[in-house]
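Pasted below: start.cif, mmCIF, C-alpha atoms and all ligand atoms.
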data_structure
loop_
_atom_site.label_atom_id
_atom_site.label_comp_id
_atom_site.auth_asym_id
_atom_site.auth_seq_id
_atom_site.Cartn_x
_atom_site.Cartn_y
_atom_site.Cartn_z
CA MET A 1 9.21 2.94 10.50
CA ILE A 2 11.15 0.45 12.61
CA HIS A 3 13.78 -1.98 11.35
CA ALA A 4 15.65 -4.00 13.97
CA ARG A 5 18.11 -6.82 13.40
CA GLY A 6 19.48 -9.09 16.11
CA LEU A 7 18.82 -6.62 18.93
CA THR A 8 20.20 -8.16 22.07
CA ARG A 9 20.54 -6.95 25.63
CA SER A 10 22.09 -8.72 28.61
CA PHE A 11 22.46 -7.49 32.17
CA SER A 12 25.08 -8.57 34.68
CA THR A 13 23.54 -9.09 38.07
CA GLN A 14 24.85 -10.52 41.31
CA HIS A 15 23.05 -13.75 40.42
CA GLY A 16 24.73 -13.95 37.01
CA ARG A 17 23.91 -12.81 33.49
CA VAL A 18 20.31 -12.06 32.48
CA ASP A 19 19.62 -12.29 28.75
CA ALA A 20 16.67 -9.90 28.67
CA VAL A 21 16.33 -9.67 24.86
CA ARG A 22 17.88 -12.26 22.58
CA GLY A 23 18.13 -11.31 18.92
CA LEU A 24 15.03 -9.25 18.13
CA ASP A 25 14.29 -8.90 14.40
CA LEU A 26 11.43 -6.55 13.64
CA ASP A 27 10.05 -4.52 10.72
CA VAL A 28 7.13 -2.20 11.39
CA GLU A 29 5.34 -0.42 8.55
CA PRO A 30 4.26 3.20 9.04
CA GLY A 31 0.73 3.63 10.40
CA THR A 32 0.57 0.28 12.21
CA LEU A 33 -0.81 -0.24 15.72
CA ILE A 34 1.48 -2.96 17.02
CA ALA A 35 1.28 -4.62 20.44
CA PHE A 36 4.21 -6.32 22.11
CA LEU A 37 2.68 -8.97 24.32
CA GLY A 38 4.33 -11.25 26.85
CA PRO A 39 4.52 -12.31 30.49
CA ASN A 40 6.34 -10.36 33.19
CA GLY A 41 10.06 -10.32 32.53
CA ALA A 42 9.70 -11.39 28.88
CA GLY A 43 11.78 -8.48 27.62
CA LYS A 44 9.09 -6.06 26.45
CA SER A 45 10.30 -2.97 28.30
CA THR A 46 13.94 -3.71 27.52
CA SER A 47 13.10 -3.94 23.80
CA LEU A 48 11.19 -0.68 24.00
CA ARG A 49 13.98 1.04 25.89
CA MET A 50 16.51 0.01 23.24
CA LEU A 51 14.28 1.20 20.40
CA THR A 52 13.74 4.53 22.15
CA THR A 53 17.53 4.92 22.76
CA LEU A 54 17.14 4.85 26.56
CA LEU A 55 19.29 1.73 26.75
CA PRO A 56 22.14 0.74 24.43
CA PRO A 57 21.89 -2.78 23.01
CA THR A 58 24.59 -5.32 23.83
CA SER A 59 24.57 -6.15 20.12
CA GLY A 60 22.39 -5.74 17.05
CA THR A 61 21.20 -2.74 15.05
CA ALA A 62 18.02 -0.74 14.56
CA THR A 63 16.72 2.26 12.71
CA VAL A 64 13.70 3.97 14.20
CA ALA A 65 11.75 6.62 12.28
CA GLY A 66 14.65 6.79 9.83
CA ALA A 67 17.45 7.33 12.37
CA ASP A 68 19.98 4.84 13.69
CA ILE A 69 19.65 4.18 17.43
CA ALA A 70 23.44 3.84 17.85
CA THR A 71 24.80 6.59 15.63
CA ASP A 72 21.93 9.11 15.78
CA PRO A 73 20.05 8.73 19.08
CA ALA A 74 19.13 12.43 19.09
CA GLY A 75 17.57 11.98 15.64
CA VAL A 76 15.48 9.07 16.97
CA ARG A 77 14.36 11.04 20.01
CA ALA A 78 13.33 14.02 17.91
CA ARG A 79 11.04 11.82 15.84
CA ILE A 80 9.42 9.65 18.47
CA GLY A 81 7.16 10.10 21.46
CA TYR A 82 7.61 7.85 24.48
CA VAL A 83 5.11 7.28 27.25
CA SER A 84 6.80 5.30 30.00
CA GLN A 85 5.19 3.14 32.66
CA LYS A 86 5.96 5.77 35.25
CA SER A 87 4.22 9.11 34.91
CA SER A 88 6.53 11.73 33.42
CA SER A 89 4.48 14.79 34.41
CA ALA A 90 5.66 17.13 37.14
CA GLU A 91 3.46 16.83 40.22
CA THR A 92 3.14 20.50 40.95
CA GLN A 93 2.85 22.11 37.53
CA ARG A 94 -0.54 22.86 36.03
CA ILE A 95 -1.21 20.59 33.06
CA GLY A 96 -1.74 23.37 30.54
CA ASP A 97 1.52 25.03 31.62
CA GLU A 98 3.44 21.79 31.47
CA LEU A 99 2.36 21.15 27.88
CA PHE A 100 3.25 24.76 27.02
CA TYR A 101 6.76 24.48 28.53
CA GLN A 102 7.29 21.16 26.83
CA GLY A 103 6.51 22.91 23.52
CA LEU A 104 9.10 25.60 24.31
CA ALA A 105 11.61 22.87 25.13
CA TYR A 106 11.06 21.48 21.63
CA GLY A 107 11.96 24.90 20.16
CA MET A 108 8.45 26.23 19.50
CA SER A 109 7.70 29.95 19.82
CA ARG A 110 5.50 30.95 22.79
CA GLY A 111 2.51 31.32 20.45
CA GLN A 112 3.11 27.95 18.81
CA ALA A 113 3.58 26.25 22.17
CA ARG A 114 0.38 27.84 23.52
CA ARG A 115 -1.60 26.69 20.45
CA ARG A 116 -0.14 23.18 20.58
CA ALA A 117 -0.97 22.86 24.28
CA GLY A 118 -4.57 23.91 23.53
CA GLU A 119 -4.84 21.43 20.67
CA LEU A 120 -3.61 18.57 22.82
CA LEU A 121 -5.85 19.48 25.75
CA ASP A 122 -8.84 19.31 23.39
CA ARG A 123 -7.70 16.19 21.62
CA LEU A 124 -7.15 14.22 24.81
CA ASP A 125 -10.27 15.52 26.58
CA LEU A 126 -8.17 17.41 29.10
CA ALA A 127 -9.47 20.93 28.46
CA ASP A 128 -11.48 21.00 31.71
CA LEU A 129 -8.41 19.91 33.64
CA ALA A 130 -5.93 22.44 32.19
CA ASP A 131 -5.57 24.31 35.48
CA ARG A 132 -5.29 21.19 37.63
CA LYS A 133 -2.03 19.64 38.82
CA PRO A 134 -1.31 15.95 38.09
CA VAL A 135 -1.30 15.15 41.79
CA SER A 136 -5.07 15.79 41.89
CA LEU A 137 -5.94 13.60 38.89
CA SER A 138 -7.15 10.01 38.58
CA GLY A 139 -4.82 7.35 37.17
CA GLY A 140 -6.57 7.42 33.79
CA GLN A 141 -6.46 11.22 33.56
CA ARG A 142 -2.75 11.22 34.40
CA ARG A 143 -2.11 8.65 31.72
CA ARG A 144 -3.86 10.93 29.20
CA VAL A 145 -1.61 13.79 30.32
CA ASP A 146 1.43 11.54 29.77
CA ILE A 147 0.21 10.74 26.26
CA ALA A 148 -0.36 14.44 25.55
CA LEU A 149 3.22 15.17 26.68
CA GLY A 150 4.50 12.47 24.33
CA LEU A 151 2.69 14.09 21.40
CA VAL A 152 3.77 17.74 21.79
CA HIS A 153 6.34 17.62 18.96
CA ARG A 154 4.00 15.73 16.57
CA PRO A 155 6.05 12.53 16.39
CA PRO A 156 5.14 10.11 13.59
CA LEU A 157 5.82 7.22 16.00
CA LEU A 158 4.58 6.89 19.58
CA PHE A 159 5.84 4.23 22.01
CA LEU A 160 3.63 3.40 24.99
CA ASP A 161 4.96 1.11 27.72
CA GLU A 162 2.02 -0.71 29.32
CA PRO A 163 -0.37 2.23 28.92
CA SER A 164 -3.26 0.54 30.71
CA THR A 165 -1.43 -1.28 33.51
CA GLY A 166 -2.50 -0.28 37.01
CA LEU A 167 -5.71 1.37 35.87
CA ASP A 168 -9.21 0.35 36.89
CA PRO A 169 -11.34 -1.21 34.13
CA HIS A 170 -13.16 2.06 33.40
CA SER A 171 -9.90 4.03 33.01
CA ARG A 172 -8.40 1.22 30.92
CA ALA A 173 -11.32 1.44 28.53
CA GLU A 174 -10.92 5.23 28.41
CA ILE A 175 -7.20 5.02 27.60
CA TRP A 176 -7.91 2.54 24.87
CA SER A 177 -10.55 4.72 23.29
CA THR A 178 -7.99 7.58 23.40
CA ILE A 179 -5.35 5.41 21.72
CA LEU A 180 -7.76 4.18 19.06
CA ARG A 181 -8.95 7.73 18.38
CA LEU A 182 -5.35 8.89 17.91
CA ARG A 183 -4.92 6.03 15.52
CA GLU A 184 -8.02 6.99 13.52
CA GLU A 185 -7.30 10.72 13.42
CA SER A 186 -3.69 10.49 12.34
CA SER A 187 -1.38 8.26 10.38
CA MET A 188 0.79 7.82 13.46
CA THR A 189 2.52 4.50 14.13
CA LEU A 190 1.70 3.25 17.62
CA PHE A 191 3.92 0.71 19.34
CA LEU A 192 2.80 -0.47 22.73
CA THR A 193 3.56 -3.17 25.24
CA THR A 194 0.89 -4.92 27.24
CA HIS A 195 0.33 -8.06 29.19
CA TYR A 196 -3.43 -7.84 28.75
CA LEU A 197 -4.30 -10.50 26.21
CA GLU A 198 -7.78 -9.19 25.42
CA GLU A 199 -6.45 -5.71 24.72
CA ALA A 200 -3.84 -6.92 22.27
CA ASP A 201 -6.43 -9.19 20.70
CA SER A 202 -9.14 -6.65 20.12
CA MET A 203 -7.17 -3.45 19.52
CA ALA A 204 -3.87 -4.17 17.79
CA GLU A 205 -3.46 -4.72 14.07
CA ARG A 206 -0.36 -6.70 14.70
CA VAL A 207 0.64 -8.72 17.75
CA VAL A 208 4.20 -9.74 18.51
CA ILE A 209 4.41 -12.29 21.33
CA ILE A 210 7.68 -12.26 23.21
CA ASP A 211 8.78 -14.82 25.78
CA ARG A 212 12.12 -15.12 27.60
CA GLY A 213 13.69 -12.51 25.36
CA ARG A 214 12.66 -14.03 22.03
CA THR A 215 9.85 -13.40 19.58
CA ILE A 216 7.73 -16.53 19.47
CA ALA A 217 4.84 -15.32 17.29
CA ASP A 218 4.15 -12.38 15.02
CA GLY A 219 0.99 -11.64 13.03
CA THR A 220 -2.58 -10.45 13.31
CA ALA A 221 -4.41 -11.81 16.33
CA GLU A 222 -6.80 -13.62 14.00
CA SER A 223 -4.05 -15.32 11.99
CA LEU A 224 -2.14 -16.35 15.11
CA LYS A 225 -5.26 -17.85 16.64
CA ALA A 226 -6.25 -19.66 13.46
CA GLU A 227 -2.75 -21.02 12.75
CA LEU A 228 -1.48 -21.74 16.24
CA ALA A 229 -4.47 -22.50 18.42
CA GLY A 230 -7.75 -23.46 16.73
CA ASP A 231 -11.22 -24.10 18.13
CA ARG A 232 -11.68 -26.02 21.33
CA VAL A 233 -14.31 -28.12 23.03
CA THR A 234 -14.24 -28.52 26.79
CA VAL A 235 -16.26 -31.23 28.50
CA ALA A 236 -16.88 -31.68 32.23
CA LEU A 237 -17.27 -35.31 33.28
CA ARG A 238 -19.63 -36.64 35.93
CA GLU A 239 -17.14 -39.30 37.03
CA ALA A 240 -13.41 -38.54 37.31
CA ALA A 241 -12.76 -42.25 36.77
CA ASP A 242 -14.00 -41.89 33.17
CA ALA A 243 -11.25 -39.41 32.27
CA GLY A 244 -8.97 -41.94 30.55
CA ARG A 245 -11.72 -43.40 28.39
CA ALA A 246 -13.05 -39.89 27.59
CA ALA A 247 -9.58 -38.78 26.47
CA GLU A 248 -9.34 -41.76 24.11
CA VAL A 249 -12.68 -40.86 22.53
CA ALA A 250 -11.77 -37.15 22.34
CA ALA A 251 -8.49 -37.96 20.59
CA ARG A 252 -10.50 -39.12 17.55
CA PHE A 253 -11.81 -35.56 17.14
CA ALA A 254 -8.58 -33.69 17.87
CA THR A 255 -6.57 -31.78 15.26
CA ALA A 256 -3.50 -33.67 16.50
CA PRO A 257 -2.98 -36.51 19.00
CA ASP A 258 -1.35 -34.22 21.55
CA ARG A 259 -4.27 -31.77 21.47
CA VAL A 260 -6.28 -33.40 24.24
CA ARG A 261 -5.61 -32.02 27.69
CA ARG A 262 -6.96 -33.50 30.88
CA PHE A 263 -7.58 -31.55 34.05
CA PRO A 264 -8.20 -33.63 37.17
CA PRO A 265 -10.85 -32.53 39.67
CA GLY A 266 -9.84 -29.40 41.52
CA GLU A 267 -7.14 -28.37 39.07
CA SER A 268 -8.19 -25.24 37.22
CA ALA A 269 -7.87 -25.62 33.48
CA PRO A 270 -5.55 -22.96 32.08
CA VAL A 271 -7.95 -22.18 29.26
CA SER A 272 -10.77 -19.75 29.09
CA ALA A 273 -13.29 -22.40 28.00
CA ASP A 274 -12.90 -23.52 31.57
CA ALA A 275 -15.89 -21.28 32.31
CA LEU A 276 -18.41 -24.03 31.85
CA ASN A 277 -21.84 -23.02 33.02
CA GLY A 278 -23.24 -25.30 35.62
CA THR A 279 -20.01 -27.26 36.17
CA ARG A 280 -18.84 -28.03 39.67
CA ASP A 281 -15.31 -26.81 40.38
CA ASP A 282 -14.33 -30.29 41.42
CA ALA A 283 -15.42 -31.94 38.15
CA ALA A 284 -12.78 -33.59 35.97
CA ARG A 285 -12.54 -31.80 32.62
CA LEU A 286 -10.92 -32.33 29.34
CA THR A 287 -10.24 -29.93 26.53
CA VAL A 288 -9.76 -30.97 22.96
CA GLN A 289 -8.59 -28.83 20.07
CA VAL A 290 -10.77 -29.37 17.02
CA PRO A 291 -11.02 -27.89 13.52
CA ASP A 292 -14.58 -26.60 14.07
CA ALA A 293 -16.07 -26.47 17.59
CA ASP A 294 -19.69 -26.10 16.44
CA ALA A 295 -19.52 -29.23 14.32
CA ALA A 296 -17.43 -31.28 16.78
CA LEU A 297 -19.43 -30.58 19.95
CA PRO A 298 -22.55 -32.71 19.24
CA GLU A 299 -20.49 -35.47 17.61
CA LEU A 300 -18.10 -35.67 20.55
CA LEU A 301 -20.95 -35.76 23.08
CA SER A 302 -22.65 -38.53 21.14
CA ALA A 303 -19.39 -40.52 20.92
CA LEU A 304 -18.78 -40.10 24.67
CA ASP A 305 -22.33 -41.23 25.36
CA GLY A 306 -21.75 -44.26 23.14
CA ALA A 307 -18.63 -45.11 25.15
CA GLY A 308 -20.58 -44.92 28.41
CA VAL A 309 -18.95 -41.66 29.59
CA LYS A 310 -21.41 -39.42 31.44
CA THR A 311 -20.92 -35.68 30.89
CA ALA A 312 -22.07 -32.82 33.11
CA ALA A 313 -21.55 -29.88 30.75
CA ALA A 314 -19.81 -29.02 27.52
CA ARG A 315 -18.83 -25.93 25.64
CA GLY A 316 -17.23 -25.06 22.33
CA ALA A 317 -15.01 -21.97 22.15
CA ARG A 318 -13.05 -19.94 19.66
CA PRO A 319 -9.34 -19.66 20.45
CA THR A 320 -7.83 -16.80 22.45
CA LEU A 321 -4.31 -15.40 22.41
CA ASP A 322 -3.74 -17.33 25.64
CA ASP A 323 -4.36 -20.53 23.67
CA VAL A 324 -1.73 -19.32 21.18
CA PHE A 325 0.73 -18.78 24.03
CA LEU A 326 -0.20 -22.15 25.53
CA SER A 327 0.29 -23.96 22.25
CA LEU A 328 3.70 -22.31 21.72
CA THR A 329 5.09 -22.60 25.23
CA GLY A 330 2.97 -25.17 27.07
CA ARG A 331 2.27 -22.43 29.63
CA SER A 332 -0.77 -20.25 30.20
CA LEU A 333 -0.10 -16.52 30.26
CA THR A 334 -3.31 -15.89 32.18
CA LYS A 335 -2.35 -18.46 34.81
CA GLU A 336 1.20 -17.08 35.13
CA GLN A 337 -0.18 -13.59 35.63
CA ALA A 338 -2.63 -14.81 38.26
CA ASP A 339 0.21 -16.65 40.05
CA ASP A 340 2.46 -13.55 39.85
CA GLN A 341 -0.29 -11.39 41.26
CA GLN A 342 -0.91 -13.84 44.06
CA SER A 343 2.75 -14.05 45.05
CA HIS A 344 2.97 -10.25 44.85
CA GLN A 345 -0.02 -9.90 47.19
CA GLN A 346 1.48 -12.56 49.44
CA SER A 347 4.82 -10.77 49.69
CA GLU A 348 3.02 -7.52 50.48
CA LYS A 349 1.25 -9.23 53.37
CA GLU A 350 4.39 -10.82 54.79
CA PRO A 351 6.23 -8.52 57.20
CA SER A 352 9.75 -7.74 56.01
CA ALA A 353 12.55 -9.21 58.10
N1 LIG A 401 18.52 -2.98 34.72
C1 LIG A 401 18.38 -4.30 34.82
N2 LIG A 401 19.27 -5.05 35.50
C2 LIG A 401 19.16 -6.38 35.60
N3 LIG A 401 18.17 -7.09 35.02
C3 LIG A 401 17.25 -6.42 34.33
C4 LIG A 401 17.30 -4.98 34.18
N4 LIG A 401 16.23 -4.59 33.42
C5 LIG A 401 15.54 -5.72 33.12
N5 LIG A 401 16.15 -6.81 33.66
C6 LIG A 401 15.72 -8.21 33.53
O1 LIG A 401 15.52 -8.48 32.17
C7 LIG A 401 14.38 -9.31 31.97
C8 LIG A 401 13.38 -8.61 31.05
O2 LIG A 401 12.85 -7.48 31.75
P1 LIG A 401 11.80 -6.49 31.08
O3 LIG A 401 11.52 -5.40 32.07
O4 LIG A 401 12.26 -6.09 29.74
O5 LIG A 401 10.53 -7.43 30.94
P2 LIG A 401 9.03 -7.04 30.61
O6 LIG A 401 8.55 -8.02 29.61
O7 LIG A 401 8.92 -5.61 30.27
O8 LIG A 401 8.35 -7.31 32.02
P3 LIG A 401 7.17 -6.50 32.77
O9 LIG A 401 5.90 -6.83 32.08
O10 LIG A 401 7.24 -7.10 34.16
O11 LIG A 401 7.52 -5.04 32.74
C9 LIG A 401 13.83 -9.60 33.35
O12 LIG A 401 14.39 -10.83 33.78
C10 LIG A 401 14.38 -8.45 34.18
O13 LIG A 401 14.51 -8.83 35.53
#
Can I see the file as structure tokens?
Amino acid sequence: MIHARGLTRSFSTQHGRVDAVRGLDLDVEPGTLIAFLGPNGAGKSTSLRMLTTLLPPTSGTATVAGADIATDPAGVRARIGYVSQKSSSAETQRIGDELFYQGLAYGMSRGQARRRAGELLDRLDLADLADRKPVSLSGGQRRRVDIALGLVHRPPLLFLDEPSTGLDPHSRAEIWSTILRLREESSMTLFLTTHYLEEADSMAERVVIIDRGRTIADGTAESLKAELAGDRVTVALREAADAGRAAEVAARFATAPDRVRRFPPGESAPVSADALNGTRDDAARLTVQVPDADAALPELLSALDGAGVKTAAARGARPTLDDVFLSLTGRSLTKEQADDQQSHQQSEKEPSA
């Protein structure tokens, strides 16, 4: 359905050249639900915009739904649906009418367009809202209208750019159930970008992780976690002074010598196993990657006890996609997103000069 080779896109800015996407190779089989996952600025939207012919690549080639993005962009557009981050619906047109006119724009007869609009309103649970205008809808409802608009011409491939970003948790869950239903009811290929790790993990059949314009991992969430992250045990120590000795003991259980990470008191561990019940925030912690957390946990605690290290709490955990990202880049995606959000909120608070 998608075959890309060496897709590259640079931008010239006043601060110099930005290499947004650097040599993307990708093959997507028909019927797959694939998630493009990465931090802000990783190159997800730029990749999507090249594949949907909205942006010409600097170099590289791609065929999408059987048409070449460079020589037959109209052919690509006729065969794909695209739901952008920004809502594409007209503010003042009633939803039912908008779907109808979109059908006419795709060359349907008035009867066909009317029927297709009705089908989509039913399929996306919008029938009760047919006479409403987008301006009066919730974020989740508007996103469903956007998806309906992307499906009018029955494309075999639908691109969704961050479909759940900006929605409250309830609307996010609703959009996901819509996407998964579409997936079940049709053989459509769904290609979406997200920076929500849990969504990519639980929903997508294939996850491509992109960072600084390059693909750094590609596979099922399960295979990526098993191959690149592994189980983990996190231990909170009673005495920060024991951290060095504890790390030496933990290293005996680690899958590799560099798989023990120490977090001094007060520094939040960039791993989800950080959520240790009953642990003070100011406790020193260490995390060790192990082949099997259930088996390693009691043995590690006993070894620490034997070495005179007092522990406050401990927890074994299965890996997450954030652990995959951490093991590939040394950075935590969750932490970067939290930092981004914080600096965004900060800049909103600061009065502009
Ligand atoms: N039109 C443009 N001009 C200059 N730089 C651009 C342009 N579009 C994107 N970039 C830069 O290219 C890089 C990749 O951007 P892109 O929007 O593809 O990332 P992303 O992974 O989709 O991020 P986000 O999750 O924030 O949407 C970023 O450094 C971005 O600032």
Set the distance at 12 Å and use only C-alpha atoms: which residues neighbour A:Gln337 once local chain neighbours fewer than 4 positions away are removed? I'd like the list as a list in words. Gly38, Pro39, Asn40, Gly41, His195, Tyr196, Leu197, Pro270, Asp322, Arg331, Ser332, Leu333, Gln341, Gln342, Ser343 and His344 of chain A
Given all atoms listed in the file as the counted atoms, nearest of A:Ser138, A:Ser186, A:Thr287, A:Thr13 to ligand LIG 401 (chain A):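 Looking at the shortest contact to ligand LIG 401 (chain A), the residue is A:Thr13.
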Using only C-alpha atoms and all ligand atoms, find each residue of chain A with at least one atom at most 8 Å away from an atom of ligand LIG 401 (chain A); report its shortest atom-to-atom pair and that distance in Å (one decimal), sort the rows by chain and rising residue number, and return the result as a tab-separated table.
residue	atom	partner	partner_atom	distance
A:Ser10	CA	A:LIG401	O1	7.5
A:Phe11	CA	A:LIG401	C2	4.9
A:Ser12	CA	A:LIG401	C2	6.4
A:Thr13	CA	A:LIG401	C2	5.7
A:Val18	CA	A:LIG401	N3	6.0
A:Asp19	CA	A:LIG401	O1	6.6
A:Ala20	CA	A:LIG401	O1	3.9
A:Val21	CA	A:LIG401	C8	6.9
A:Leu37	CA	A:LIG401	O6	8.0
A:Gly38	CA	A:LIG401	O6	6.0
A:Pro39	CA	A:LIG401	O9	5.9
A:Asn40	CA	A:LIG401	O10	3.5
A:Gly41	CA	A:LIG401	O5	3.3
A:Ala42	CA	A:LIG401	O6	3.6
A:Gly43	CA	A:LIG401	O4	3.2
A:Lys44	CA	A:LIG401	O6	3.8
A:Ser45	CA	A:LIG401	O7	3.6
A:Thr46	CA	A:LIG401	O4	3.7
A:Ser47	CA	A:LIG401	O4	6.4
A:Leu48	CA	A:LIG401	O4	8.0
A:Glu162	CA	A:LIG401	O9	7.8
A:Thr193	CA	A:LIG401	O7	7.7
A:Thr194	CA	A:LIG401	O9	7.2
A:His195	CA	A:LIG401	O9	6.4
A:Ile210	CA	A:LIG401	O6	7.7
A:Asp211	CA	A:LIG401	O6	7.8
A:Arg212	CA	A:LIG401	C8	7.5
A:Gly213	CA	A:LIG401	C8	6.9
For the atom pair atom CA of A:Ala173 and atom CA of A:Tyr82, what is the interatomic distance in Å to one decimal place? 20.4 Å
With only C-alpha atoms counted, which protein, DNA or RNA residues have an atom no more than 9 Å from (12.4, 5.2, 11.9) in the file frame? Please answer as a PyMOL selection string. chain A and resi 1-3+30+62-68+76+79-80+156-157
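Taking atom CA of A:Pro57 and atom CA of A:Ile69 as endpoints, the distance between them is 9.2 Å.
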Please report the interatomic distance between atom CA of A:Ser164 and atom CA of A:Arg318 in Å with one decimal.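 A separation of 25.2 Å between them.
Checking A:Phe325, A:Phe100, A:Phe191, A:Phe253 one by one against A:Ala293, counting only C-alpha atoms, you find the shortest gap at A:Phe253.
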From A:Val260, A:Ile147, A:Ala314, A:Ala113, residue lying nearest A:Asp161 [only C-alpha atoms]: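 That would be A:Ile147, the residue with the smallest distance to A:Asp161.
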Nearest candidate to A:Gly308 (options A:Ala254, A:Ala246, A:Leu158, A:Leu321; using all atoms listed in the file):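 Selected residue with least distance to A:Gly308: A:Ala246.
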Could you check which of A:Gly103, A:Gly96, A:Pro319, A:Gly118 is closest to A:Arg132, using all atoms listed in the file?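 Of the candidates, the smallest distance to A:Arg132 is held by A:Gly96.
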Show me as JSON, numbers by chain the residues that reach within 12 Å of (-1.6, 10.2, 32.3), counting only C-alpha atoms and using the file's own coordinates. {"A": [83, 84, 85, 86, 87, 88, 89, 90, 91, 95, 124, 125, 126, 129, 133, 134, 135, 136, 137, 138, 139, 140, 141, 142, 143, 144, 145, 146, 147, 148, 149, 150, 160, 162, 163, 164, 165, 166, 167, 171, 172, 174, 175, 178]}
For the residues selected in the previous step, produce a file with C-alpha atoms as a JSON list (two decimals), in the coordinates of the input.
[["chain", "number", "residue", "atom", "x", "y", "z"],
["A", 83, "VAL", "CA", 5.11, 7.28, 27.25],
["A", 84, "SER", "CA", 6.80, 5.30, 30.00],
["A", 85, "GLN", "CA", 5.19, 3.14, 32.66],
["A", 86, "LYS", "CA", 5.96, 5.77, 35.25],
["A", 87, "SER", "CA", 4.22, 9.11, 34.91],
["A", 88, "SER", "CA", 6.53, 11.73, 33.42],
["A", 89, "SER", "CA", 4.48, 14.79, 34.41],
["A", 90, "ALA", "CA", 5.66, 17.13, 37.14],
["A", 91, "GLU", "CA", 3.46, 16.83, 40.22],
["A", 95, "ILE", "CA", -1.21, 20.59, 33.06],
["A", 124, "LEU", "CA", -7.15, 14.22, 24.81],
["A", 125, "ASP", "CA", -10.27, 15.52, 26.58],
["A", 126, "LEU", "CA", -8.17, 17.41, 29.10],
["A", 129, "LEU", "CA", -8.41, 19.91, 33.64],
["A", 133, "LYS", "CA", -2.03, 19.64, 38.82],
["A", 134, "PRO", "CA", -1.31, 15.95, 38.09],
["A", 135, "VAL", "CA", -1.30, 15.15, 41.79],
["A", 136, "SER", "CA", -5.07, 15.79, 41.89],
["A", 137, "LEU", "CA", -5.94, 13.60, 38.89],
["A", 138, "SER", "CA", -7.15, 10.01, 38.58],
["A", 139, "GLY", "CA", -4.82, 7.35, 37.17],
["A", 140, "GLY", "CA", -6.57, 7.42, 33.79],
["A", 141, "GLN", "CA", -6.46, 11.22, 33.56],
["A", 142, "ARG", "CA", -2.75, 11.22, 34.40],
["A", 143, "ARG", "CA", -2.11, 8.65, 31.72],
["A", 144, "ARG", "CA", -3.86, 10.93, 29.20],
["A", 145, "VAL", "CA", -1.61, 13.79, 30.32],
["A", 146, "ASP", "CA", 1.43, 11.54, 29.77],
["A", 147, "ILE", "CA", 0.21, 10.74, 26.26],
["A", 148, "ALA", "CA", -0.36, 14.44, 25.55],
["A", 149, "LEU", "CA", 3.22, 15.17, 26.68],
["A", 150, "GLY", "CA", 4.50, 12.47, 24.33],
["A", 160, "LEU", "CA", 3.63, 3.40, 24.99],
["A", 162, "GLU", "CA", 2.02, -0.71, 29.32],
["A", 163, "PRO", "CA", -0.37, 2.23, 28.92],
["A", 164, "SER", "CA", -3.26, 0.54, 30.71],
["A", 165, "THR", "CA", -1.43, -1.28, 33.51],
["A", 166, "GLY", "CA", -2.50, -0.28, 37.01],
["A", 167, "LEU", "CA", -5.71, 1.37, 35.87],
["A", 171, "SER", "CA", -9.90, 4.03, 33.01],
["A", 172, "ARG", "CA", -8.40, 1.22, 30.92],
["A", 174, "GLU", "CA", -10.92, 5.23, 28.41],
["A", 175, "ILE", "CA", -7.20, 5.02, 27.60],
["A", 178, "THR", "CA", -7.99, 7.58, 23.40]]
Proximity to A:Ser202 - best of A:Leu55, A:Leu7, A:Ile34, A:Val28, all atoms listed in the file: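 Counting all atoms listed in the file, the residue closest to A:Ser202 is A:Ile34.
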I'd like the contact shell of A:Leu33 - 8 Å cut-off, all atoms listed in the file, skipping same-chain residues fewer than 3 positions apart - returned as a PDB file with C-alpha atoms, keeping the file's coordinate frame.
ATOM      1  CA  ARG A 183      -4.920   6.030  15.520  1.00  0.00           C
ATOM      2  CA  THR A 189       2.520   4.500  14.130  1.00  0.00           C
ATOM      3  CA  LEU A 190       1.700   3.250  17.620  1.00  0.00           C
ATOM      4  CA  PHE A 191       3.920   0.710  19.340  1.00  0.00           C
ATOM      5  CA  LEU A 192       2.800  -0.470  22.730  1.00  0.00           C
ATOM      6  CA  ALA A 204      -3.870  -4.170  17.790  1.00  0.00           C
ATOM      7  CA  GLU A 205      -3.460  -4.720  14.070  1.00  0.00           C
ATOM      8  CA  ARG A 206      -0.360  -6.700  14.700  1.00  0.00           C
TER       9      ARG A 206
END
